[in-house]
>>> print(open('start-v1.cif').read())   # mmCIF, C-alpha atoms
data_model
loop_
_atom_site.label_atom_id
_atom_site.label_comp_id
_atom_site.auth_asym_id
_atom_site.auth_seq_id
_atom_site.Cartn_x
_atom_site.Cartn_y
_atom_site.Cartn_z
CA MET A 1 -14.22 19.11 15.02
CA HIS A 2 -16.54 20.06 12.16
CA ALA A 3 -16.08 22.81 9.59
CA PRO A 4 -18.78 24.08 7.18
CA ILE A 5 -17.53 24.69 3.63
CA GLN A 6 -19.65 26.82 1.33
CA LEU A 7 -19.83 25.75 -2.31
CA ARG A 8 -19.47 28.05 -5.30
CA TRP A 9 -21.22 27.78 -8.67
CA SER A 10 -17.81 28.03 -10.35
CA ASP A 11 -16.71 24.83 -8.55
CA MET A 12 -18.67 22.71 -11.05
CA ASP A 13 -17.20 21.16 -14.18
CA ALA A 14 -18.45 19.92 -17.57
CA GLN A 15 -19.76 16.71 -15.99
CA ARG A 16 -22.32 18.72 -13.99
CA HIS A 17 -20.84 18.13 -10.56
CA VAL A 18 -18.18 19.74 -8.38
CA ASN A 19 -14.78 19.12 -9.94
CA ASN A 20 -12.55 16.67 -8.07
CA ALA A 21 -9.73 19.22 -7.79
CA ARG A 22 -12.07 21.50 -5.83
CA ILE A 23 -12.21 18.87 -3.10
CA ALA A 24 -8.53 19.55 -2.37
CA ASP A 25 -9.47 23.20 -1.95
CA TYR A 26 -12.23 22.22 0.50
CA LEU A 27 -9.76 20.13 2.51
CA GLN A 28 -7.44 23.12 2.80
CA GLU A 29 -10.22 25.46 3.86
CA ALA A 30 -11.47 22.95 6.43
CA ARG A 31 -8.08 22.30 8.01
CA VAL A 32 -7.51 26.04 8.49
CA HIS A 33 -10.42 25.85 10.95
CA LEU A 34 -8.53 23.12 12.80
CA LEU A 35 -5.08 24.71 12.59
CA ARG A 36 -5.92 28.34 13.29
CA ASP A 37 -5.41 28.04 17.09
CA SER A 38 -2.51 25.59 16.93
CA GLY A 39 0.28 28.08 16.18
CA ILE A 40 1.50 26.07 13.19
CA LEU A 41 0.16 28.53 10.58
CA GLU A 42 2.22 31.33 12.09
CA GLN A 43 5.28 29.08 12.30
CA GLY A 44 4.86 27.91 8.73
CA VAL A 45 3.71 24.57 7.37
CA VAL A 46 4.02 22.53 4.18
CA VAL A 47 1.87 19.70 2.85
CA VAL A 48 3.91 16.52 2.44
CA GLY A 49 1.24 14.22 1.04
CA GLN A 50 -2.48 13.85 0.42
CA GLN A 51 -4.83 10.95 -0.21
CA VAL A 52 -8.42 11.47 -1.32
CA MET A 53 -11.13 8.84 -1.85
CA PHE A 54 -14.16 10.16 -3.73
CA ARG A 55 -17.29 8.30 -2.63
CA ARG A 56 -19.93 10.10 -4.69
CA SER A 57 -20.34 13.28 -6.74
CA VAL A 58 -20.79 16.56 -4.93
CA GLU A 59 -23.78 18.55 -6.19
CA TYR A 60 -24.05 22.30 -6.12
CA SER A 61 -26.13 23.48 -3.18
CA SER A 62 -26.55 26.59 -1.09
CA GLU A 63 -26.11 24.35 1.95
CA PRO A 64 -22.46 23.99 3.01
CA LEU A 65 -20.59 20.71 3.08
CA ASP A 66 -19.90 19.35 6.53
CA VAL A 67 -16.25 18.38 7.00
CA GLU A 68 -15.29 16.35 10.06
CA LEU A 69 -11.59 16.58 10.97
CA VAL A 70 -9.43 14.64 13.42
CA ILE A 71 -5.73 14.19 14.09
CA ILE A 72 -4.80 10.65 13.09
CA ASP A 73 -1.10 10.64 13.87
CA LEU A 74 1.54 12.85 15.49
CA GLY A 75 5.26 12.55 14.89
CA ALA A 76 8.17 14.68 16.04
CA ALA A 77 7.87 16.89 12.97
CA ARG A 78 4.70 15.71 11.24
CA VAL A 79 0.98 15.66 11.81
CA GLN A 80 -1.62 13.68 9.87
CA ILE A 81 -5.18 14.94 9.52
CA GLY A 82 -8.17 12.79 8.60
CA TYR A 83 -11.35 14.13 6.98
CA VAL A 84 -14.85 12.93 6.24
CA LEU A 85 -16.87 15.18 3.89
CA ARG A 86 -20.65 14.89 3.98
CA GLN A 87 -23.42 16.37 1.86
CA PHE A 88 -27.09 15.78 2.69
CA ASP A 89 -25.88 13.42 5.48
CA GLU A 90 -24.07 11.19 2.96
CA VAL A 91 -20.32 10.69 2.82
CA VAL A 92 -19.02 12.19 -0.44
CA ALA A 93 -15.27 11.94 0.21
CA GLU A 94 -12.66 10.89 2.73
CA ALA A 95 -9.12 12.19 2.86
CA ARG A 96 -5.79 12.16 4.67
CA THR A 97 -3.19 14.97 4.71
CA VAL A 98 0.34 14.85 6.13
CA LEU A 99 1.71 18.24 7.20
CA ALA A 100 5.16 19.29 8.39
CA PRO A 101 6.03 22.52 10.24
CA PHE A 102 8.54 24.49 8.21
CA ASP A 103 10.85 27.46 8.79
CA PHE A 104 10.63 29.41 5.54
CA ASP A 105 13.41 31.83 6.53
CA ALA A 106 15.85 28.96 7.06
CA GLN A 107 14.16 26.79 4.39
CA ARG A 108 14.11 23.69 6.56
CA PRO A 109 11.59 21.56 8.44
CA VAL A 110 11.31 22.01 12.20
CA ARG A 111 9.84 20.01 15.06
CA LEU A 112 6.39 20.50 16.51
CA THR A 113 6.50 22.61 19.64
CA PRO A 114 5.11 21.24 22.94
CA GLU A 115 2.25 23.72 22.60
CA MET A 116 1.37 22.46 19.12
CA ARG A 117 1.47 18.85 20.29
CA ALA A 118 -0.79 19.62 23.26
CA TYR A 119 -3.29 21.31 20.96
CA PHE A 120 -3.32 18.47 18.43
CA GLU A 121 -3.67 15.84 21.16
CA GLN A 122 -7.09 17.34 21.96
CA HIS A 123 -8.27 16.29 18.50
CA ARG A 124 -6.74 12.81 18.32
CA ALA A 125 -8.83 9.90 17.03
CA SER A 126 -8.08 6.43 15.69
CA TRP A 127 -9.09 6.07 12.04
CA ASP A 128 -8.09 3.27 9.70
CA PRO A 129 -5.49 4.03 7.00
CA PHE A 130 -6.43 3.94 3.34
CA PRO A 131 -5.40 1.01 1.16
CA GLU A 132 -2.05 1.76 -0.45
CA LEU A 133 -2.15 3.06 -4.02
CA THR A 134 1.16 2.34 -5.69
CA ALA A 135 2.67 3.16 -9.06
CA PRO A 136 6.17 2.89 -10.51
CA ALA A 137 8.51 5.86 -10.76
CA LEU A 138 8.24 7.18 -14.29
CA ASP A 139 11.78 8.51 -14.69
CA GLY A 140 10.75 10.52 -17.73
CA ARG A 141 8.44 7.90 -19.19
CA GLY A 142 4.87 8.66 -20.20
CA ILE A 143 3.55 11.50 -22.32
CA ALA A 144 4.94 14.94 -21.46
CA THR A 145 2.76 18.05 -21.34
CA LYS A 146 3.67 21.65 -20.48
CA HIS A 147 1.90 23.67 -17.78
CA HIS A 148 2.50 27.27 -16.81
CA THR A 149 2.20 28.41 -13.22
CA ARG A 150 0.18 31.54 -12.59
CA TRP A 151 0.89 34.33 -10.14
CA THR A 152 -2.45 33.59 -8.51
CA ASP A 153 -1.30 30.00 -7.85
CA LEU A 154 0.93 31.25 -5.02
CA ASP A 155 -0.20 31.21 -1.39
CA ARG A 156 0.79 33.21 1.69
CA TYR A 157 4.08 31.29 1.92
CA GLY A 158 5.14 32.41 -1.57
CA HIS A 159 5.06 29.01 -3.27
CA VAL A 160 2.44 27.28 -5.43
CA ASN A 161 -0.41 26.16 -3.21
CA ASN A 162 -0.67 22.42 -2.68
CA MET A 163 -4.16 22.12 -4.17
CA LEU A 164 -2.96 23.52 -7.51
CA VAL A 165 -1.01 20.30 -8.06
CA PHE A 166 -4.38 18.52 -8.33
CA GLU A 167 -5.23 20.93 -11.16
CA TYR A 168 -1.91 20.39 -12.93
CA LEU A 169 -2.39 16.61 -12.76
CA GLN A 170 -5.95 16.93 -13.98
CA GLN A 171 -5.01 19.14 -16.92
CA ALA A 172 -2.25 16.76 -17.92
CA ARG A 173 -4.59 13.77 -17.68
CA ILE A 174 -7.24 15.49 -19.82
CA GLU A 175 -4.66 16.24 -22.50
CA VAL A 176 -2.94 12.85 -22.43
CA SER A 177 -5.67 10.25 -21.90
CA PRO A 178 -7.37 10.68 -25.34
CA GLN A 179 -3.99 9.75 -26.83
CA TRP A 180 -4.29 6.39 -25.09
CA SER A 181 -7.76 5.97 -26.60
CA PRO A 182 -10.27 8.42 -28.16
CA THR A 183 -12.89 6.97 -25.80
CA LEU A 184 -11.23 8.88 -22.95
CA ALA A 185 -12.19 12.28 -24.37
CA ARG A 186 -13.97 14.33 -21.70
CA PRO A 187 -17.16 16.36 -22.14
CA GLY A 188 -16.20 19.75 -23.49
CA SER A 189 -12.85 18.51 -24.85
CA GLY A 190 -14.03 16.41 -27.82
CA GLU A 191 -16.57 13.77 -28.78
CA ALA A 192 -17.32 12.18 -25.41
CA GLU A 193 -19.28 8.94 -25.35
CA TYR A 194 -18.29 7.99 -21.80
CA TYR A 195 -17.89 9.80 -18.51
CA TRP A 196 -14.77 9.32 -16.39
CA LEU A 197 -15.04 9.84 -12.64
CA VAL A 198 -12.07 10.20 -10.30
CA VAL A 199 -12.50 7.84 -7.34
CA ARG A 200 -9.04 8.07 -5.76
CA GLN A 201 -6.12 10.46 -6.00
CA ASP A 202 -2.89 10.53 -4.01
CA VAL A 203 -0.23 13.24 -4.26
CA ASP A 204 3.28 13.26 -2.79
CA TYR A 205 4.89 16.70 -2.53
CA LEU A 206 8.66 16.36 -2.82
CA THR A 207 9.66 20.02 -2.76
CA GLN A 208 8.12 23.47 -3.08
CA ILE A 209 6.96 24.66 -6.49
CA HIS A 210 7.69 28.29 -7.32
CA HIS A 211 6.33 30.63 -9.94
CA SER A 212 8.30 30.64 -13.19
CA PHE A 213 7.83 32.00 -16.68
CA GLU A 214 9.18 28.68 -17.93
CA PRO A 215 6.54 25.91 -17.91
CA LEU A 216 6.46 22.87 -15.69
CA THR A 217 6.53 19.49 -17.40
CA VAL A 218 4.12 16.77 -16.32
CA HIS A 219 4.83 13.19 -17.40
CA THR A 220 1.65 11.07 -17.34
CA ALA A 221 1.48 7.31 -17.89
CA LEU A 222 -1.10 4.54 -17.70
CA THR A 223 -0.07 2.02 -15.03
CA HIS A 224 -3.02 -0.34 -14.37
CA LEU A 225 -6.30 -1.46 -15.91
CA GLY A 226 -9.24 -2.88 -13.97
CA ARG A 227 -12.59 -4.01 -15.34
CA THR A 228 -14.19 -0.56 -15.13
CA SER A 229 -11.26 1.56 -13.93
CA LEU A 230 -7.79 2.66 -14.91
CA THR A 231 -4.90 3.99 -12.86
CA SER A 232 -2.43 6.59 -14.05
CA ALA A 233 0.77 7.96 -12.56
CA ALA A 234 2.20 11.41 -13.08
CA GLU A 235 5.32 13.37 -12.18
CA VAL A 236 5.43 17.17 -12.04
CA CYS A 237 8.89 18.40 -13.00
CA SER A 238 10.58 21.78 -12.84
CA PRO A 239 11.90 23.46 -16.03
CA GLU A 240 15.30 22.01 -15.03
CA GLY A 241 13.88 18.48 -14.80
CA THR A 242 13.67 18.07 -11.01
CA VAL A 243 10.68 15.99 -9.88
CA LEU A 244 8.58 18.26 -7.67
CA ALA A 245 5.52 16.10 -7.02
CA ARG A 246 4.13 12.68 -7.88
CA GLY A 247 0.49 11.72 -8.30
CA ARG A 248 -1.54 8.54 -8.67
CA THR A 249 -5.12 8.67 -9.93
CA VAL A 250 -7.88 6.07 -10.34
CA VAL A 251 -10.77 6.89 -12.67
CA VAL A 252 -13.89 4.82 -13.36
CA CYS A 253 -15.64 4.62 -16.72
CA THR A 254 -19.40 5.32 -16.59
CA ASP A 255 -22.28 5.85 -18.97
CA ALA A 256 -24.25 9.11 -19.21
CA GLU A 257 -26.20 8.14 -16.07
CA PHE A 258 -22.92 7.68 -14.18
CA ARG A 259 -23.29 3.91 -13.95
CA PRO A 260 -19.94 2.05 -14.09
CA CYS A 261 -19.32 0.15 -17.31
CA ALA A 262 -16.53 -2.00 -18.73
CA LEU A 263 -13.50 -0.17 -20.12
CA PRO A 264 -13.94 0.50 -23.85
CA ASP A 265 -11.13 0.05 -26.37
CA ARG A 266 -9.16 -2.07 -23.92
CA GLU A 267 -6.73 -3.28 -26.58
CA SER A 268 -5.53 0.27 -27.26
CA LEU A 269 -5.21 1.00 -23.56
CA GLU A 270 -3.10 -2.09 -22.97
CA GLN A 271 -0.58 -0.88 -25.54
CA HIS A 272 0.11 2.21 -23.40
CA LEU A 273 0.67 0.47 -20.06
CA VAL A 274 3.96 1.34 -18.32
CA ALA A 275 5.44 -1.48 -16.25
#
>>> encode(input="start-v1.cif", output="structure tokens")
Amino acid sequence: MHAPIQLRWSDMDAQRHVNNARIADYLQEARVHLLRDSGILEQGVVVVGQQVMFRRSVEYSSEPLDVELVIIDLGAARVQIGYVLRQFDEVVAEARTVLAPFDFDAQRPVRLTPEMRAYFEQHRASWDPFPELTAPALDGRGIATKHHTRWTDLDRYGHVNNMLVFEYLQQARIEVSPQWSPTLARPGSGEAEYYWLVVRQDVDYLTQIHHSFEPLTVHTALTHLGRTSLTSAAEVCSPEGTVLARGRTVVVCTDAEFRPCALPDRESLEQHLVA
């Protein structure tokens, strides 16, 4: 099926295009179109994992994005959705989301009902999986930053909405990466000579995140260097230290015209690599 997603002017960031974290919001809005007649929203559902590949920048436009959605895989208690996002007939992003039906009263996962399975089977398609993006467990390594949840971060199920984790990871990365090298300063956050574009981001949701007046801690570490790209890993932890979510992000260095260029200050970056 296809879902139209209207853009908002406030979706743009300092690099003059739609912020990458907004794409997670678009995925959520699009899959509600797919899920609304399945019965799973009324039952309750949690996001287990997401993978997003950013193909090109999304520009602000009054014309909606077109999001194509299919069901890639069905398990006894899981369903995987695939997405292709298009703007002006060009693919701007592809994504995968794994969902699990969940009983919030009993606080436990449940199996898909026969009715849900029959509905999802109508939307089945065979799409190739993404290449695996791996990173080591940090176990407290990396640079720690503090992040407060907001009351508005909560969704209808009473926990922090899945797409907010993309924002937490982004905020942590913006704060931490200039400590690896000043060349990683972003526009609006310091003297920025280069632009850094997210091209891939995966998130694993380990447990629900709830609102708290005590801040979350995000540990962020540099895990791989390419010629024009770098990969970072991050762990979102509760005030008590429990790992709530893990993320892996690949960003590409570009010039002001958004053309990829070799990583600057590579020697400094190498000193911060976590094995």
>>> atom_distance(input="start-v1.cif", atom1="CA of Thr223 in chain A", atom2="CA of Ala275 in chain A")
6.6 Å
>>> residues_around(input="start-v1.cif", residues="Val110 in chain A", least_positions_apart="2", cutoff="12 Å", atoms="all atoms listed in the file", output="PyMOL selection string")
chain A and resi 40+43-46+75-78+99-108+112-113
>>> residues_around(input="start-v1.cif", residues="Ile143 in chain A", least_positions_apart="3", cutoff="12 Å", atoms="all atoms listed in the file", output="list in words")
Leu138, Asp139, Gly140, Lys146, Ala172, Arg173, Ile174, Glu175, Val176, Ser177, Pro178, Gln179, Trp180, Thr217, Val218, His219, Thr220, Ala221, Leu222, Ser232, Ala233, Ala234, Glu235, Val236, His272, Leu273 and Val274 of chain A
>>> atom_distance(input="start-v1.cif", atom1="CA of His224 in chain A", atom2="CA of Ser57 in chain A")
23.3 Å
>>> closest_residue(input="start-v1.cif", among="A:Thr145, A:Ser10, A:Thr249, A:Thr207", to="Asn161 in chain A", atoms="only C-alpha atoms")
A:Thr207
>>> closest_residue(input="start-v1.cif", among="A:Gln171, A:Ser181, A:Gln271, A:Gln80", to="Trp127 in chain A", atoms="all atoms listed in the file")
A:Gln80
>>> atom_distance(input="start-v1.cif", atom1="CA of Arg31 in chain A", atom2="CA of Glu132 in chain A")
23.0 Å
>>> axis_aligned_box(input="start-v1.cif", around="range 169-183 of chain A", padding_each_side="8 Å", output="JSON")
{"center_x": -7.6, "center_y": 12.6, "center_z": -20.5, "size_x": 26.6, "size_y": 29.2, "size_z": 31.4}
>>> closest_residue(input="start-v1.cif", among="A:His148, A:His159, A:Arg22, A:His2", to="Val47 in chain A", atoms="only C-alpha atoms")
A:His159
>>> resolve_selection(input="start-v1.cif", expression="the PyMOL selection byres ((chain A and resi 66-71) around 7)", output="list in words")
Met1, His2, Ala3, Pro4, Ile5, Ala30, Pro64, Leu65, Ile72, Asp73, Gln80, Ile81, Gly82, Tyr83, Val84, Leu85, Arg86, Gln87, Phe120, His123, Arg124 and Ala125 of chain A
>>> closest_residue(input="start-v1.cif", among="A:Gln201, A:Ser38, A:Ser62, A:Ser238", to="Arg96 in chain A", atoms="all atoms listed in the file")
A:Gln201
>>> residues_near_point(input="start-v1.cif", point="(-2.1, 12.9, -7.1)", cutoff="7 Å", atoms="only C-alpha atoms", output="VMD selection string")
chain A and resid 166 169 201 to 204 246 to 249
>>> write_last_selection(input="start-v1.cif", atoms="C-alpha atoms", output="short mmCIF file (atom, residue, chain, number, x, y, z; two decimals), in the coordinates of the input")
data_model
loop_
_atom_site.label_atom_id
_atom_site.label_comp_id
_atom_site.auth_asym_id
_atom_site.auth_seq_id
_atom_site.Cartn_x
_atom_site.Cartn_y
_atom_site.Cartn_z
CA PHE A 166 -4.38 18.52 -8.33
CA LEU A 169 -2.39 16.61 -12.76
CA GLN A 201 -6.12 10.46 -6.00
CA ASP A 202 -2.89 10.53 -4.01
CA VAL A 203 -0.23 13.24 -4.26
CA ASP A 204 3.28 13.26 -2.79
CA ARG A 246 4.13 12.68 -7.88
CA GLY A 247 0.49 11.72 -8.30
CA ARG A 248 -1.54 8.54 -8.67
CA THR A 249 -5.12 8.67 -9.93
#
>>> resolve_selection(input="start-v1.cif", expression="the PyMOL selection byres ((chain A and resi 196) around 7)", output="list in words")
Tyr194, Tyr195, Leu197, Val198, Val251, Val252, Cys253 and Thr254 of chain A
>>> write_last_selection(input="start-v1.cif", atoms="C-alpha atoms", output="PDB file, in the coordinates of the input")
ATOM      1  CA  TYR A 194     -18.290   7.990 -21.800  1.00  0.00           C
ATOM      2  CA  TYR A 195     -17.890   9.800 -18.510  1.00  0.00           C
ATOM      3  CA  LEU A 197     -15.040   9.840 -12.640  1.00  0.00           C
ATOM      4  CA  VAL A 198     -12.070  10.200 -10.300  1.00  0.00           C
ATOM      5  CA  VAL A 251     -10.770   6.890 -12.670  1.00  0.00           C
ATOM      6  CA  VAL A 252     -13.890   4.820 -13.360  1.00  0.00           C
ATOM      7  CA  CYS A 253     -15.640   4.620 -16.720  1.00  0.00           C
ATOM      8  CA  THR A 254     -19.400   5.320 -16.590  1.00  0.00           C
TER       9      THR A 254
END
>>> resolve_selection(input="start-v1.cif", expression="the PyMOL selection byres ((chain A and resi 23) around 10)", output="list in words")
Asp11, Val18, Asn19, Asn20, Ala21, Arg22, Ala24, Asp25, Tyr26, Leu27, Gln28, Glu29, Val52, Phe54, Val58, Leu85, Val92, Ala93, Glu94, Ala95, Met163 and Phe166 of chain A
>>> closest_residue(input="start-v1.cif", among="A:Cys237, A:Ala144, A:Leu74, A:Ala185", to="Val165 in chain A", atoms="all atoms listed in the file")
A:Cys237
>>> closest_residue(input="start-v1.cif", among="A:Pro264, A:Pro114, A:Gly49, A:Pro136", to="Leu206 in chain A", atoms="only C-alpha atoms")
A:Gly49
